[in-house]
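Colleague: For reference, this is run-v4.cif, and it has mmCIF, C-alpha atoms and all ligand atoms.
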```cif
data_entry
loop_
_atom_site.group_PDB
_atom_site.id
_atom_site.type_symbol
_atom_site.label_atom_id
_atom_site.label_comp_id
_atom_site.auth_asym_id
_atom_site.auth_seq_id
_atom_site.Cartn_x
_atom_site.Cartn_y
_atom_site.Cartn_z
ATOM 1 C CA MET A 684 121.316 77.460 131.111
ATOM 2 C CA GLN A 685 118.050 79.267 130.359
ATOM 3 C CA ASP A 686 118.790 81.929 132.971
ATOM 4 C CA LEU A 687 122.172 82.534 131.389
ATOM 5 C CA ILE A 688 120.607 82.905 127.971
ATOM 6 C CA ARG A 689 118.039 85.375 129.288
ATOM 7 C CA ARG A 690 120.874 87.381 130.810
ATOM 8 C CA LEU A 691 122.798 87.177 127.570
ATOM 9 C CA LEU A 692 119.812 88.522 125.639
ATOM 10 C CA ALA A 693 119.579 91.430 128.071
ATOM 11 C CA GLU A 694 123.319 92.091 127.761
ATOM 12 C CA LEU A 695 122.879 92.248 124.006
ATOM 13 C CA GLY A 696 120.368 95.040 124.506
ATOM 14 C CA GLU A 697 117.307 92.912 123.958
ATOM 15 C CA ASN A 698 114.220 92.630 126.063
ATOM 16 C CA PRO A 699 114.076 88.927 126.993
ATOM 17 C CA ASP A 700 110.401 89.334 127.863
ATOM 18 C CA ARG A 701 109.173 90.385 124.465
ATOM 19 C CA GLU A 702 106.946 87.896 122.749
ATOM 20 C CA GLY A 703 109.364 86.661 120.098
ATOM 21 C CA LEU A 704 112.055 85.902 122.669
ATOM 22 C CA ALA A 705 109.869 84.377 125.345
ATOM 23 C CA ARG A 706 110.773 80.795 124.492
ATOM 24 C CA THR A 707 114.209 81.548 123.063
ATOM 25 C CA PRO A 708 116.198 80.535 126.170
ATOM 26 C CA GLN A 709 114.467 77.177 126.109
ATOM 27 C CA ARG A 710 115.120 76.704 122.391
ATOM 28 C CA VAL A 711 118.744 77.804 122.632
ATOM 29 C CA GLU A 712 119.364 75.399 125.489
ATOM 30 C CA LYS A 713 117.851 72.547 123.510
ATOM 31 C CA ALA A 714 119.851 73.431 120.401
ATOM 32 C CA LEU A 715 123.110 73.717 122.357
ATOM 33 C CA GLN A 716 122.496 70.414 124.109
ATOM 34 C CA PHE A 717 122.071 68.753 120.730
ATOM 35 C CA LEU A 718 125.020 70.523 119.110
ATOM 36 C CA THR A 719 127.293 69.386 121.941
ATOM 37 C CA SER A 720 125.805 65.916 122.383
ATOM 38 C CA GLY A 721 129.083 64.429 121.178
ATOM 39 C CA TYR A 722 130.549 64.931 124.654
ATOM 40 C CA ARG A 723 128.014 62.503 126.048
ATOM 41 C CA ALA A 724 128.185 59.882 123.281
ATOM 42 C CA ASP A 725 129.937 56.600 123.921
ATOM 43 C CA ILE A 726 132.099 55.698 120.940
ATOM 44 C CA ASP A 727 132.448 52.068 121.939
ATOM 45 C CA GLU A 728 128.733 51.748 122.272
ATOM 46 C CA VAL A 729 128.264 53.163 118.780
ATOM 47 C CA LEU A 730 130.925 50.939 117.232
ATOM 48 C CA ASN A 731 130.742 47.766 119.250
ATOM 49 C CA ASN A 732 128.410 45.728 117.114
ATOM 50 C CA ALA A 733 129.825 47.042 113.898
ATOM 51 C CA LEU A 734 133.438 45.895 113.799
ATOM 52 C CA PHE A 735 133.864 42.929 111.484
ATOM 53 C CA THR A 736 136.796 40.698 110.704
ATOM 54 C CA VAL A 737 137.323 40.437 106.966
ATOM 55 C CA ASP A 738 139.772 39.257 104.392
ATOM 56 C CA TYR A 739 139.848 42.498 102.436
ATOM 57 C CA SER A 740 142.701 44.911 102.122
ATOM 58 C CA GLU A 741 141.571 47.410 99.510
ATOM 59 C CA MET A 742 140.840 51.011 100.303
ATOM 60 C CA VAL A 743 137.428 51.697 101.851
ATOM 61 C CA ILE A 744 136.169 55.237 101.201
ATOM 62 C CA VAL A 745 133.176 57.079 102.581
ATOM 63 C CA LYS A 746 133.061 60.502 101.005
ATOM 64 C CA ASP A 747 130.916 63.639 101.110
ATOM 65 C CA ILE A 748 129.761 63.116 104.684
ATOM 66 C CA ASP A 749 127.979 66.304 105.752
ATOM 67 C CA PHE A 750 129.061 67.625 109.105
ATOM 68 C CA TYR A 751 128.155 70.594 111.306
ATOM 69 C CA SER A 752 130.306 71.706 114.204
ATOM 70 C CA LEU A 753 130.873 74.744 116.427
ATOM 71 C CA CYS A 754 134.189 76.548 116.558
ATOM 72 C CA GLU A 755 135.472 76.698 120.099
ATOM 73 C CA HIS A 756 136.700 80.262 119.744
ATOM 74 C CA HIS A 757 133.366 81.847 118.856
ATOM 75 C CA MET A 758 130.811 79.077 119.305
ATOM 76 C CA LEU A 759 129.735 79.768 115.728
ATOM 77 C CA PRO A 760 129.108 77.016 113.192
ATOM 78 C CA PHE A 761 131.567 75.616 110.752
ATOM 79 C CA PHE A 762 130.298 72.994 108.376
ATOM 80 C CA GLY A 763 131.071 71.158 105.183
ATOM 81 C CA LYS A 764 132.097 67.763 103.881
ATOM 82 C CA CYS A 765 134.219 65.054 105.413
ATOM 83 C CA HIS A 766 135.915 62.271 103.453
ATOM 84 C CA VAL A 767 137.212 59.199 105.223
ATOM 85 C CA ALA A 768 139.293 56.330 103.884
ATOM 86 C CA TYR A 769 141.117 53.428 105.418
ATOM 87 C CA ILE A 770 142.843 50.239 104.358
ATOM 88 C CA PRO A 771 141.788 47.325 106.582
ATOM 89 C CA ARG A 772 144.337 45.052 108.182
ATOM 90 C CA THR A 773 141.925 42.487 109.605
ATOM 91 C CA LYS A 774 138.886 44.538 110.558
ATOM 92 C CA VAL A 775 136.361 46.865 108.973
ATOM 93 C CA ILE A 776 133.833 49.253 110.511
ATOM 94 C CA GLY A 777 130.210 49.057 109.390
ATOM 95 C CA LEU A 778 129.919 51.757 106.729
ATOM 96 C CA SER A 779 127.035 53.559 108.416
ATOM 97 C CA LYS A 780 129.149 53.976 111.555
ATOM 98 C CA ILE A 781 131.650 56.274 109.902
ATOM 99 C CA PRO A 782 129.192 59.184 109.575
ATOM 100 C CA ARG A 783 128.140 58.489 113.187
ATOM 101 C CA LEU A 784 131.753 58.863 114.261
ATOM 102 C CA VAL A 785 131.992 62.138 112.350
ATOM 103 C CA ASP A 786 128.842 63.349 114.157
ATOM 104 C CA ILE A 787 130.158 62.413 117.593
ATOM 105 C CA PHE A 788 133.289 64.506 117.175
ATOM 106 C CA SER A 789 131.522 67.311 115.290
ATOM 107 C CA ARG A 790 128.948 67.827 118.007
ATOM 108 C CA ARG A 791 131.436 69.403 120.378
ATOM 109 C CA LEU A 792 133.253 72.707 120.535
ATOM 110 C CA GLN A 793 136.017 72.147 118.044
ATOM 111 C CA ILE A 794 138.718 73.446 115.840
ATOM 112 C CA GLN A 795 138.746 71.843 112.431
ATOM 113 C CA GLU A 796 142.282 70.486 112.760
ATOM 114 C CA ARG A 797 141.512 68.617 115.978
ATOM 115 C CA LEU A 798 138.192 67.335 114.670
ATOM 116 C CA THR A 799 139.986 65.902 111.649
ATOM 117 C CA SER A 800 142.646 64.127 113.654
ATOM 118 C CA GLN A 801 140.218 62.807 116.283
ATOM 119 C CA ILE A 802 138.259 60.998 113.584
ATOM 120 C CA ALA A 803 141.413 59.525 112.062
ATOM 121 C CA ASP A 804 142.926 58.582 115.440
ATOM 122 C CA THR A 805 139.744 56.855 116.573
ATOM 123 C CA ILE A 806 139.591 54.696 113.448
ATOM 124 C CA ARG A 807 143.245 53.823 113.921
ATOM 125 C CA GLU A 808 142.669 52.886 117.563
ATOM 126 C CA LYS A 809 139.577 50.829 116.957
ATOM 127 C CA ILE A 810 140.602 48.668 113.988
ATOM 128 C CA SER A 811 144.337 49.337 113.581
ATOM 129 C CA PRO A 812 144.140 49.518 109.800
ATOM 130 C CA LEU A 813 147.110 49.733 107.444
ATOM 131 C CA GLY A 814 146.282 53.398 106.981
ATOM 132 C CA VAL A 815 143.633 56.049 107.603
ATOM 133 C CA ALA A 816 142.953 59.306 105.809
ATOM 134 C CA VAL A 817 140.486 62.022 106.734
ATOM 135 C CA VAL A 818 139.964 65.222 104.744
ATOM 136 C CA MET A 819 137.545 67.926 105.884
ATOM 137 C CA GLU A 820 136.440 70.924 103.850
ATOM 138 C CA ALA A 821 134.495 73.573 105.735
ATOM 139 C CA THR A 822 133.084 77.070 105.756
ATOM 140 C CA HIS A 823 133.515 78.942 109.046
ATOM 141 C CA LEU A 824 130.797 81.418 109.914
ATOM 142 C CA CYS A 825 133.104 83.103 112.418
ATOM 143 C CA MET A 826 135.091 84.218 109.410
ATOM 144 C CA SER A 827 132.499 84.666 106.697
ATOM 145 C CA MET A 828 129.812 86.373 108.828
ATOM 146 C CA ARG A 829 132.280 88.737 110.430
ATOM 147 C CA GLY A 830 133.854 89.581 107.099
ATOM 148 C CA VAL A 831 137.235 88.275 108.186
ATOM 149 C CA GLU A 832 139.315 87.349 105.171
ATOM 150 C CA LYS A 833 137.149 86.359 102.242
ATOM 151 C CA GLN A 834 133.408 85.981 102.433
ATOM 152 C CA ASN A 835 133.713 82.398 101.293
ATOM 153 C CA SER A 836 136.378 81.382 103.753
ATOM 154 C CA PHE A 837 136.954 77.760 103.072
ATOM 155 C CA CYS A 838 139.311 75.628 105.099
ATOM 156 C CA VAL A 839 140.697 72.227 104.225
ATOM 157 C CA THR A 840 142.363 70.012 106.799
ATOM 158 C CA SER A 841 143.657 66.486 106.541
ATOM 159 C CA SER A 842 145.040 63.731 108.676
ATOM 160 C CA MET A 843 147.002 60.987 106.907
ATOM 161 C CA LEU A 844 148.178 57.997 108.919
ATOM 162 C CA GLY A 845 150.017 54.786 108.092
ATOM 163 C CA ALA A 846 149.968 53.906 104.393
ATOM 164 C CA PHE A 847 148.404 57.245 103.494
ATOM 165 C CA ARG A 848 151.309 59.061 105.074
ATOM 166 C CA ASP A 849 154.066 56.712 103.911
ATOM 167 C CA ASN A 850 152.938 55.887 100.409
ATOM 168 C CA ALA A 851 152.445 58.719 97.932
ATOM 169 C CA ARG A 852 150.558 56.525 95.463
ATOM 170 C CA THR A 853 148.025 55.448 98.078
ATOM 171 C CA ARG A 854 147.551 59.036 99.154
ATOM 172 C CA MET A 855 147.139 60.226 95.567
ATOM 173 C CA GLU A 856 144.637 57.481 94.828
ATOM 174 C CA PHE A 857 142.516 58.668 97.747
ATOM 175 C CA LEU A 858 142.833 62.335 96.810
ATOM 176 C CA GLU A 859 141.876 61.546 93.208
ATOM 177 C CA LEU A 860 138.812 59.644 94.369
ATOM 178 C CA ILE A 861 137.496 62.454 96.540
ATOM 179 C CA LYS A 862 138.479 65.230 94.153
ATOM 180 C CA ARG A 863 135.466 65.054 91.893
ATOM 181 C CA ARG A 864 133.643 67.580 94.010
ATOM 182 C CA GLY A 865 135.176 70.305 96.102
ATOM 183 C CA VAL A 866 138.748 71.076 96.865
ATOM 184 C CA VAL A 867 141.435 68.744 98.095
ATOM 185 C CA PRO A 868 144.640 69.704 99.802
ATOM 186 C CA SER A 869 148.085 69.103 98.479
ATOM 187 C CA PRO A 870 149.461 65.760 99.735
ATOM 188 C CA VAL A 871 151.297 67.398 102.592
ATOM 189 C CA SER A 872 148.793 69.740 104.147
ATOM 190 C CA GLU A 873 150.107 70.615 107.564
ATOM 191 C CA ASP A 874 149.674 74.208 106.436
ATOM 192 C CA ALA A 875 145.982 73.800 105.688
ATOM 193 C CA GLY A 876 145.444 77.141 107.345
ATOM 194 C CA LEU A 877 143.766 78.633 110.319
ATOM 195 C CA ALA A 878 140.521 76.789 110.918
ATOM 196 C CA CYS A 879 139.198 79.598 113.033
ATOM 197 C CA VAL A 880 140.443 83.017 113.949
ATOM 198 C CA SER A 881 140.665 83.519 117.655
ATOM 199 C CA ASP A 882 140.325 87.265 117.966
HETATM 200 ZN ZN ZN A 901 135.740 80.806 115.297
#
```
Translate the structure of the given file into structure tokens.

Modeller:
Amino acid sequence: MQDLIRRLLAELGENPDREGLARTPQRVEKALQFLTSGYRADIDEVLNNALFTVDYSEMVIVKDIDFYSLCEHHMLPFFGKCHVAYIPRTKVIGLSKIPRLVDIFSRRLQIQERLTSQIADTIREKISPLGVAVVMEATHLCMSMRGVEKQNSFCVTSSMLGAFRDNARTRMEFLELIKRRGVVPSPVSEDAGLACVSD
């Protein structure tokens, strides 16, 4: 990877041998390995000791989870807040594991829509709850740095499954609870917008 990065620097018109860039290929490789470490993470390993059987069927919410991801069209960052809720059927996930799950899917090349649904689908698969909701609010540097659309391009995506899809009151309760900071989408948000422009 370091050779590629040296070549990339040269292609950009830089001198890869100048002092400030001497260790850049090494640093970029390390950063990229970390930012894509989600490909190599084992979800079951992360969750295995943290699924508990409970007699609890109220909404569980973990909100304002910071996340950082890379858009797959430009390999530029998009980042923001993720809010996750679910209603247990018989099982819950240890609360600290939800941000871990968000990290695993964020640390890949992504589009915001897919990232959102992967988190929701994984929770559904692992504990088959009565419902799952995931809302992500993010700024995309591929838009704001390039001056595409508004400088503060802000995208909101959501995935609502089970009770959150079928029951408007449940969905509204969740949206009210996460609304205190930031923006939330309208209940039906299939049109949450382009998470990343591809050209
Ligand atoms: Zn992009």

Colleague: Using all atoms listed in the file, can you tell me which of A:Phe762, A:Tyr722, A:Phe735, A:Phe750 comes closest to ligand ZN 901 (chain A)?

Modeller: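 Smallest separation from ligand ZN 901 (chain A) among the options: A:Phe762.
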
Colleague: Could you check how far atom CA of Met742 of chain A sits from atom CA of Gln793 of chain A, in Å to one decimal?

Modeller: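 Calculated distance between atom CA of Met742 of chain A and atom CA of Gln793 of chain A is 28.0 Å.
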
Colleague: Give as an mmCIF file with C-alpha atoms, keeping the file's coordinate frame the set of residues within 9 Å of the point (130.9, 68.3, 106.7), where distances use the file's coordinates and all atoms listed in the file.

Modeller:
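The resulting result.cif:
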```
data_model
loop_
_atom_site.group_PDB
_atom_site.id
_atom_site.type_symbol
_atom_site.label_atom_id
_atom_site.label_comp_id
_atom_site.auth_asym_id
_atom_site.auth_seq_id
_atom_site.Cartn_x
_atom_site.Cartn_y
_atom_site.Cartn_z
ATOM 1 C CA ASP A 747 130.916 63.639 101.110
ATOM 2 C CA ILE A 748 129.761 63.116 104.684
ATOM 3 C CA ASP A 749 127.979 66.304 105.752
ATOM 4 C CA PHE A 750 129.061 67.625 109.105
ATOM 5 C CA TYR A 751 128.155 70.594 111.306
ATOM 6 C CA SER A 752 130.306 71.706 114.204
ATOM 7 C CA PHE A 761 131.567 75.616 110.752
ATOM 8 C CA PHE A 762 130.298 72.994 108.376
ATOM 9 C CA GLY A 763 131.071 71.158 105.183
ATOM 10 C CA LYS A 764 132.097 67.763 103.881
ATOM 11 C CA CYS A 765 134.219 65.054 105.413
ATOM 12 C CA HIS A 766 135.915 62.271 103.453
ATOM 13 C CA VAL A 785 131.992 62.138 112.350
ATOM 14 C CA SER A 789 131.522 67.311 115.290
ATOM 15 C CA MET A 819 137.545 67.926 105.884
ATOM 16 C CA GLU A 820 136.440 70.924 103.850
ATOM 17 C CA ALA A 821 134.495 73.573 105.735
#
```

Colleague: To one decimal in Å, tell me the separation between atom CA of Met855 of chain A and atom CA of Arg772 of chain A.

Modeller: 19.9 Å

Colleague: Quick one, how far is atom CA of Ala816 of chain A from atom CA of Phe857 of chain A?

Modeller: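 Atom CA of Ala816 of chain A sits 8.1 Å away from atom CA of Phe857 of chain A.
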
Colleague: Of the candidates A:Ser836, A:Ser842, A:Gln709, A:Asn850, which shows the shortest atom-to-atom distance to ligand ZN 901 (chain A), using all atoms listed in the file?

Modeller: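 Smallest distance to ligand ZN 901 (chain A) is found for A:Ser836.
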
Colleague: Which residues, written as a PyMOL selection string, have at least one atom at most 10 Å from Val817 of chain A, with all atoms listed in the file counted and residues fewer than 6 positions away on the same chain left out?

Modeller: chain A and resi 744-746+765-769+798-804+806+840-844+847+857

Colleague: Could you check the closest approach to Cys838 of chain A for each of A:Glu808, A:Glu859, A:Asp786, A:Glu796 and tell me which residue wins, using all atoms listed in the file?

Modeller: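 Closest residue, counting all atoms listed in the file: A:Glu796.
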
Colleague: Report, as AutoDock Vina command-line options, the axis-aligned box around all atoms of segment 751-766 of chain A present in the file, extended by 8 Å on each side; give centre and edge lengths in Å to one decimal place.

Modeller:
```
--center_x 132.4 --center_y 72.1 --center_z 111.8 --size_x 24.5 --size_y 35.6 --size_z 32.6
```

Colleague: Under the rule that all atoms listed in the file are counted, which of A:Ala705, A:Val729, A:Ile787, A:Met826 is the nearest residue to ligand ZN 901 (chain A)?

Modeller: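 Result for the nearest residue to ligand ZN 901 (chain A): A:Met826.
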
Colleague: Evaluating the PyMOL selection byres (((chain A and resi 774) around 10) and not hetatm) on the displayed file yields which residues, as a CSV table (one decimal) with C-alpha atoms, in the frame of the given file?

Modeller:
```csv
chain,number,residue,atom,x,y,z
A,733,ALA,CA,129.8,47.0,113.9
A,734,LEU,CA,133.4,45.9,113.8
A,735,PHE,CA,133.9,42.9,111.5
A,736,THR,CA,136.8,40.7,110.7
A,737,VAL,CA,137.3,40.4,107.0
A,738,ASP,CA,139.8,39.3,104.4
A,739,TYR,CA,139.8,42.5,102.4
A,740,SER,CA,142.7,44.9,102.1
A,770,ILE,CA,142.8,50.2,104.4
A,771,PRO,CA,141.8,47.3,106.6
A,772,ARG,CA,144.3,45.1,108.2
A,773,THR,CA,141.9,42.5,109.6
A,775,VAL,CA,136.4,46.9,109.0
A,776,ILE,CA,133.8,49.3,110.5
A,777,GLY,CA,130.2,49.1,109.4
A,809,LYS,CA,139.6,50.8,117.0
A,810,ILE,CA,140.6,48.7,114.0
A,811,SER,CA,144.3,49.3,113.6
A,812,PRO,CA,144.1,49.5,109.8
```

Colleague: Please determine, counting all atoms listed in the file, which residue among A:Leu792, A:Met758, A:Leu813, A:Val831 has the shortest atom-to-atom distance to ligand ZN 901 (chain A).

Modeller: A:Met758

Colleague: With distances taken over only C-alpha atoms and all ligand atoms, which of A:Ala846, A:Leu718, A:Leu704, A:Leu759 is nearest to ligand ZN 901 (chain A)?

Modeller: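 Ranked by minimum distance to ligand ZN 901 (chain A), first place goes to A:Leu759.
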
Colleague: Please identify all polymer residues within 10 Å of Asp686 of chain A, counting only C-alpha atoms, omitting same-chain residues fewer than 6 positions from it, and present them as a list in words.

Modeller: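 After dropping sequence-adjacent residues, the list is Leu692, Pro708, Gln709 and Glu712 of chain A.
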